[in-house]
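With mmCIF, C-alpha atoms inside, this is input02.cif:
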data_run
loop_
_atom_site.label_atom_id
_atom_site.label_comp_id
_atom_site.auth_asym_id
_atom_site.auth_seq_id
_atom_site.Cartn_x
_atom_site.Cartn_y
_atom_site.Cartn_z
CA VAL J 1 107.78 69.96 106.16
CA ARG J 2 105.40 68.09 108.43
CA ARG J 3 102.16 70.03 108.53
CA HIS J 4 101.32 68.78 112.04
CA ALA J 5 104.64 69.80 113.58
CA ASP J 6 106.53 72.28 111.43
CA ALA J 7 104.32 75.38 111.14
CA ARG J 8 107.25 77.70 111.89
CA MET J 9 109.38 76.05 109.21
CA GLU J 10 106.55 76.28 106.70
CA ASP J 11 106.13 79.99 107.53
CA ILE J 12 109.85 80.50 106.81
CA CYS J 13 109.54 78.65 103.48
CA LYS J 14 106.68 80.94 102.48
CA LYS J 15 108.46 84.08 103.77
CA GLU J 16 111.53 83.17 101.73
CA LYS J 17 109.28 82.79 98.68
CA MET J 18 110.07 79.14 98.28
CA ILE J 19 107.84 77.34 95.81
CA GLN J 20 105.55 74.62 97.06
CA ILE J 21 106.07 71.70 94.69
CA GLY J 22 104.04 69.03 96.45
CA ASP J 23 101.62 68.27 99.25
CA ALA J 24 101.72 64.53 99.94
CA PRO J 25 99.40 63.05 102.53
CA GLY J 26 101.01 61.08 105.35
CA MET J 27 98.82 58.01 105.83
CA VAL J 28 98.63 55.05 108.19
CA LEU J 29 97.11 51.60 108.38
CA ASP J 30 96.75 49.89 111.74
CA ARG J 31 95.33 46.53 110.63
CA PRO J 32 95.76 43.92 107.90
CA LEU J 33 93.84 44.35 104.66
CA SER J 34 91.34 42.07 103.00
CA GLY J 35 89.98 42.15 99.49
CA GLU J 36 89.95 40.56 96.11
CA THR J 37 92.84 38.57 94.74
CA PRO J 38 94.26 39.43 91.33
CA HIS J 39 92.93 37.78 88.22
CA ARG J 40 94.08 34.37 87.01
CA GLY J 41 97.59 34.31 85.59
CA VAL J 42 98.88 36.87 88.11
CA ASP J 43 101.29 35.65 90.77
CA ILE J 44 102.23 37.84 93.76
CA ARG J 45 105.75 36.96 94.97
CA HIS J 46 107.98 38.02 97.84
CA ILE J 47 111.40 38.65 96.32
CA THR J 48 114.44 36.92 97.82
CA ASP J 49 117.04 37.03 95.04
CA VAL J 50 118.86 39.46 92.75
CA ALA J 51 116.79 38.51 89.70
CA GLY J 52 113.63 39.46 91.58
CA ILE J 53 115.15 42.78 92.69
CA MET J 54 115.95 43.50 89.05
CA ASP J 55 112.31 42.77 88.17
CA PHE J 56 111.22 45.12 90.97
CA ALA J 57 113.65 47.78 89.69
CA PHE J 58 112.22 47.45 86.17
CA VAL J 59 108.68 48.11 87.42
CA ALA J 60 109.84 51.01 89.62
CA ARG J 61 111.89 52.57 86.82
CA GLU J 62 109.06 52.45 84.31
CA SER J 63 106.20 53.44 86.62
CA TYR J 64 107.97 56.26 88.51
CA GLN J 65 108.79 58.15 85.33
CA ARG J 66 105.10 59.15 85.40
CA LEU J 67 105.86 61.03 88.63
CA GLY J 68 108.81 62.74 86.98
CA LEU J 69 111.59 60.57 88.40
CA PRO J 70 114.22 60.23 85.67
CA ALA J 71 115.05 56.65 84.67
CA ALA J 72 118.72 57.33 85.41
CA VAL J 73 117.88 58.07 89.06
CA SER J 74 115.97 54.79 89.43
CA ASP J 75 118.86 52.99 87.77
CA GLN J 76 121.24 54.44 90.39
CA ILE J 77 118.95 53.57 93.31
CA PHE J 78 118.75 49.93 92.22
CA ALA J 79 122.32 49.65 90.89
CA SER J 80 123.47 47.36 93.73
CA PRO J 81 120.65 44.83 94.13
CA ASN J 82 122.59 42.65 96.60
CA ARG J 83 122.52 45.41 99.21
CA LEU J 84 118.72 45.58 99.01
CA LEU J 85 118.22 41.96 100.07
CA GLU J 86 118.14 42.65 103.79
CA PRO J 87 115.78 41.18 106.40
CA HIS J 88 114.29 44.62 107.14
CA ASN J 89 113.13 44.98 103.51
CA ASP J 90 110.23 43.09 101.94
CA TRP J 91 109.95 43.28 98.17
CA VAL J 92 106.69 42.24 96.47
CA VAL J 93 106.25 41.86 92.71
CA ALA J 94 103.15 40.93 90.74
CA TYR J 95 103.92 38.79 87.71
CA ASP J 96 101.45 38.45 84.86
CA SER J 97 102.45 35.38 82.86
CA ASP J 98 105.93 35.61 84.45
CA ARG J 99 106.35 39.25 83.40
CA PRO J 100 106.85 41.76 86.27
CA VAL J 101 104.02 44.31 86.09
CA SER J 102 103.46 45.79 89.56
CA ALA J 103 105.41 46.15 92.80
CA ALA J 104 105.51 47.43 96.38
CA MET J 105 108.02 47.22 99.21
CA THR J 106 108.08 47.69 102.94
CA LEU J 107 110.94 48.74 105.17
CA PHE J 108 110.76 47.67 108.82
CA SER J 109 112.03 49.78 111.70
CA HIS J 110 111.15 50.10 115.39
CA GLY J 111 107.96 48.05 115.25
CA ALA J 112 106.52 49.83 112.22
CA ALA J 113 106.76 49.40 108.46
CA GLY J 114 106.97 52.06 105.77
CA LEU J 115 105.38 51.32 102.39
CA TYR J 116 107.42 52.49 99.39
CA TRP J 117 107.88 52.16 95.64
CA VAL J 118 104.32 51.15 94.77
CA GLY J 119 103.98 51.15 91.01
CA THR J 120 102.39 49.42 88.04
CA LEU J 121 103.43 49.37 84.40
CA LYS J 122 101.29 51.54 82.15
CA ASN J 123 99.71 48.68 80.18
CA SER J 124 98.79 46.82 83.39
CA ARG J 125 97.05 49.63 85.26
CA GLY J 126 93.40 49.38 86.24
CA LYS J 127 93.52 45.66 87.03
CA GLY J 128 93.93 45.88 90.80
CA LEU J 129 97.59 44.85 90.73
CA ALA J 130 98.92 47.74 92.83
CA ARG J 131 96.17 47.03 95.34
CA ALA J 132 97.18 43.35 95.44
CA CYS J 133 100.86 44.24 95.97
CA VAL J 134 100.03 46.79 98.69
CA GLN J 135 97.74 44.31 100.40
CA GLU J 136 100.37 41.56 100.37
CA ALA J 137 103.19 43.86 101.50
CA THR J 138 101.05 45.39 104.24
CA ASN J 139 99.75 42.06 105.51
CA GLU J 140 103.28 40.64 105.57
CA ALA J 141 104.32 43.63 107.68
CA PHE J 142 101.62 42.79 110.22
CA ARG J 143 102.55 39.09 110.12
CA ARG J 144 106.11 40.14 111.01
CA GLY J 145 104.85 42.09 114.00
CA ALA J 146 104.49 45.66 112.74
CA SER J 147 101.98 47.65 114.77
CA LEU J 148 101.26 49.96 111.84
CA VAL J 149 102.19 50.68 108.24
CA VAL J 150 102.90 54.26 107.19
CA LEU J 151 103.25 55.88 103.77
CA GLN J 152 103.37 59.13 101.87
CA ALA J 153 101.02 58.96 98.92
CA SER J 154 101.62 60.35 95.46
CA ARG J 155 98.76 62.03 93.61
CA PHE J 156 98.27 58.73 91.76
CA GLY J 157 98.31 56.51 94.83
CA GLU J 158 96.27 58.64 97.22
CA PRO J 159 92.83 57.54 95.90
CA LEU J 160 93.84 53.86 96.09
CA TYR J 161 95.11 54.16 99.66
CA ARG J 162 91.95 55.97 100.76
CA ARG J 163 89.78 53.20 99.23
CA MET J 164 91.90 50.62 101.06
CA GLY J 165 91.22 52.29 104.41
CA CYS J 166 94.41 54.29 104.98
CA GLU J 167 93.86 57.27 107.25
CA GLU J 168 95.53 60.61 106.65
CA VAL J 169 97.39 61.76 109.76
CA THR J 170 99.31 64.72 108.32
CA ARG J 171 100.40 66.41 105.09
CA TYR J 172 103.94 66.82 103.83
CA PRO J 173 104.18 70.04 101.83
CA TRP J 174 107.38 70.07 99.78
CA TYR J 175 109.10 73.38 99.16
CA ALA J 176 111.94 74.20 96.80
CA TYR J 177 114.15 77.21 96.44
CA PHE J 178 115.53 77.98 93.03
CA LYS J 179 118.62 80.14 93.11
CA PRO J 180 118.57 82.84 90.44
CA SER J 181 121.31 82.35 87.87
#
Would you kindly transcribe this structure into structure tokens?
Amino acid sequence: VRRHADARMEDICKKEKMIQIGDAPGMVLDRPLSGETPHRGVDIRHITDVAGIMDFAFVARESYQRLGLPAAVSDQIFASPNRLLEPHNDWVVAYDSDRPVSAAMTLFSHGAAGLYWVGTLKNSRGKGLARACVQEATNEAFRRGASLVVLQASRFGEPLYRRMGCEEVTRYPWYAYFKPS
């Protein structure tokens, strides 16, 4: 539900004894980002081919398992890389010595961009690579004419986005109903 607009729906979820399984902040950026560049040996690339999408998918698959997304689900999402190479998508991958280690993507629609699939491989965390990918993806969105960039943060990404200047505009509580067997 959208905390700012769906109070009645949230009341129904609670009344029906649905279980709240998340509470992601909805965040927004309304300007390009500045900051440090990644360390030497790291190359931030905009992806324009199937091989790059496969690199992106590898980072997403490995990093999103930490959030509980099964690898098989990621594999399905990225199973047709050709269909992902559309002008309204921008895929960014950080390569450390030509090895994909971090990624972010934006999806453009109606003058705005949504930021998705930000992740970093376990052994590459803490080096500012997710920040570098988010910065590049966000700044490219503004270069392409987006008036703002929106996102829903995970519990891992929320502190990063706050440090980068993202403002929380709402919360997205997630509710689930488990049917008794």
*Nearest to Arg66 (chain J): which of J:Thr120, J:Val169, J:Val149, J:Gly26 is it, counting only C-alpha atoms?*
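That would be J:Thr120, the residue with the smallest distance to Arg66 (chain J).
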*So what do you get for CA of Leu85 (chain J) versus CA of Val50 (chain J), distance-wise?*
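Interatomic distance, CA of Leu85 (chain J) to CA of Val50 (chain J): 7.8 Å.
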Excluding Asp49 (chain J) and its own-chain neighbours fewer than 2 positions away, which residues fall within 9 Å of it when counting all atoms listed in the file? Please give them as a short mmCIF file (atom, residue, chain, number, x, y, z; two decimals) with C-alpha atoms, keeping the file's coordinate frame.
data_model
loop_
_atom_site.label_atom_id
_atom_site.label_comp_id
_atom_site.auth_asym_id
_atom_site.auth_seq_id
_atom_site.Cartn_x
_atom_site.Cartn_y
_atom_site.Cartn_z
CA ILE J 47 111.40 38.65 96.32
CA ALA J 51 116.79 38.51 89.70
CA GLY J 52 113.63 39.46 91.58
CA ILE J 53 115.15 42.78 92.69
CA MET J 54 115.95 43.50 89.05
CA PRO J 81 120.65 44.83 94.13
CA ASN J 82 122.59 42.65 96.60
CA LEU J 85 118.22 41.96 100.07
#
_Evaluate the PyMOL selection byres ((chain J and resi 92) around 7) and report residues as a list in words_ = Ile44, Arg45, His46, Ile47, Asp90, Trp91, Val93, Ala94, Ala103, Ala104, Met105, Cys133 and Ala137 of chain J
*Applied to the shown file, which residues does the PyMOL selection byres ((chain J and resi 152) around 8) return, written as a list in words?*
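Evaluating the PyMOL selection byres ((chain J and resi 152) around 8) on this file yields Ala24, Pro25, Gly26, Met27, Val150, Leu151, Ala153, Ser154 and Tyr172 of chain J.
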*What's the 8 Å shell around Pro32 (chain J), counting all atoms listed in the file, without same-chain residues fewer than 2 positions away, as a PyMOL selection string?*
chain J and resi 29-30+34+135+138-139+142
Since fewer atoms than expected are present, regenerate all heavy atoms for region 51-62 of chain J and write them as a compact mmCIF listing (two decimals), in the coordinates of the input.
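Okay, part.txt is ready:
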# COMPACT_ATOMS: atom_id res chain seq x y z
N ALA J 51 117.64 38.46 90.89
CA ALA J 51 116.79 38.51 89.70
C ALA J 51 115.45 39.17 90.02
O ALA J 51 114.93 39.98 89.24
CB ALA J 51 116.59 37.11 89.14
N GLY J 52 114.89 38.85 91.17
CA GLY J 52 113.63 39.46 91.58
C GLY J 52 113.77 40.95 91.84
O GLY J 52 112.88 41.74 91.51
N ILE J 53 114.90 41.35 92.46
CA ILE J 53 115.15 42.78 92.69
C ILE J 53 115.25 43.50 91.35
O ILE J 53 114.73 44.62 91.20
CB ILE J 53 116.42 43.01 93.53
CG1 ILE J 53 116.23 42.49 94.95
CG2 ILE J 53 116.82 44.49 93.53
CD1 ILE J 53 115.21 43.26 95.79
N MET J 54 115.86 42.87 90.37
CA MET J 54 115.95 43.50 89.05
C MET J 54 114.56 43.63 88.42
O MET J 54 114.27 44.63 87.74
CB MET J 54 116.90 42.72 88.14
CG MET J 54 118.34 42.68 88.66
SD MET J 54 119.01 44.29 89.16
CE MET J 54 119.01 45.16 87.62
N ASP J 55 113.69 42.65 88.64
CA ASP J 55 112.31 42.77 88.17
C ASP J 55 111.61 43.93 88.88
O ASP J 55 110.89 44.72 88.25
CB ASP J 55 111.54 41.47 88.43
CG ASP J 55 111.97 40.33 87.52
OD1 ASP J 55 112.65 40.59 86.50
OD2 ASP J 55 111.63 39.17 87.83
N PHE J 56 111.80 44.02 90.20
CA PHE J 56 111.22 45.12 90.97
C PHE J 56 111.73 46.46 90.41
O PHE J 56 110.96 47.38 90.18
CB PHE J 56 111.60 44.99 92.44
CG PHE J 56 110.91 45.99 93.32
CD1 PHE J 56 109.81 45.63 94.06
CD2 PHE J 56 111.38 47.30 93.40
CE1 PHE J 56 109.16 46.56 94.87
CE2 PHE J 56 110.74 48.23 94.20
CZ PHE J 56 109.62 47.87 94.94
N ALA J 57 113.03 46.55 90.19
CA ALA J 57 113.65 47.78 89.69
C ALA J 57 113.08 48.17 88.33
O ALA J 57 112.86 49.35 88.06
CB ALA J 57 115.16 47.61 89.60
N PHE J 58 112.81 47.18 87.49
CA PHE J 58 112.22 47.45 86.17
C PHE J 58 110.85 48.11 86.33
O PHE J 58 110.55 49.11 85.69
CB PHE J 58 112.11 46.15 85.36
CG PHE J 58 111.29 46.28 84.12
CD1 PHE J 58 111.79 46.95 83.01
CD2 PHE J 58 110.00 45.75 84.07
CE1 PHE J 58 111.01 47.08 81.86
CE2 PHE J 58 109.23 45.88 82.93
CZ PHE J 58 109.73 46.55 81.83
N VAL J 59 110.01 47.54 87.20
CA VAL J 59 108.68 48.11 87.42
C VAL J 59 108.80 49.52 88.00
O VAL J 59 108.12 50.45 87.55
CB VAL J 59 107.83 47.21 88.34
CG1 VAL J 59 106.52 47.90 88.73
CG2 VAL J 59 107.54 45.87 87.67
N ALA J 60 109.67 49.70 89.00
CA ALA J 60 109.84 51.01 89.62
C ALA J 60 110.33 52.03 88.60
O ALA J 60 109.80 53.15 88.51
CB ALA J 60 110.82 50.91 90.79
N ARG J 61 111.32 51.66 87.82
CA ARG J 61 111.89 52.57 86.82
C ARG J 61 110.82 53.05 85.85
O ARG J 61 110.69 54.24 85.57
CB ARG J 61 113.00 51.86 86.06
CG ARG J 61 113.66 52.67 84.98
CD ARG J 61 114.67 51.77 84.23
NE ARG J 61 115.63 52.53 83.50
CZ ARG J 61 115.49 52.89 82.23
NH1 ARG J 61 114.39 52.58 81.57
NH2 ARG J 61 116.44 53.58 81.63
N GLU J 62 110.06 52.11 85.32
CA GLU J 62 109.06 52.45 84.31
C GLU J 62 107.88 53.22 84.90
O GLU J 62 107.40 54.18 84.30
CB GLU J 62 108.57 51.18 83.60
CG GLU J 62 109.66 50.45 82.85
CD GLU J 62 110.38 51.31 81.82
OE1 GLU J 62 109.70 51.98 81.01
OE2 GLU J 62 111.63 51.33 81.82
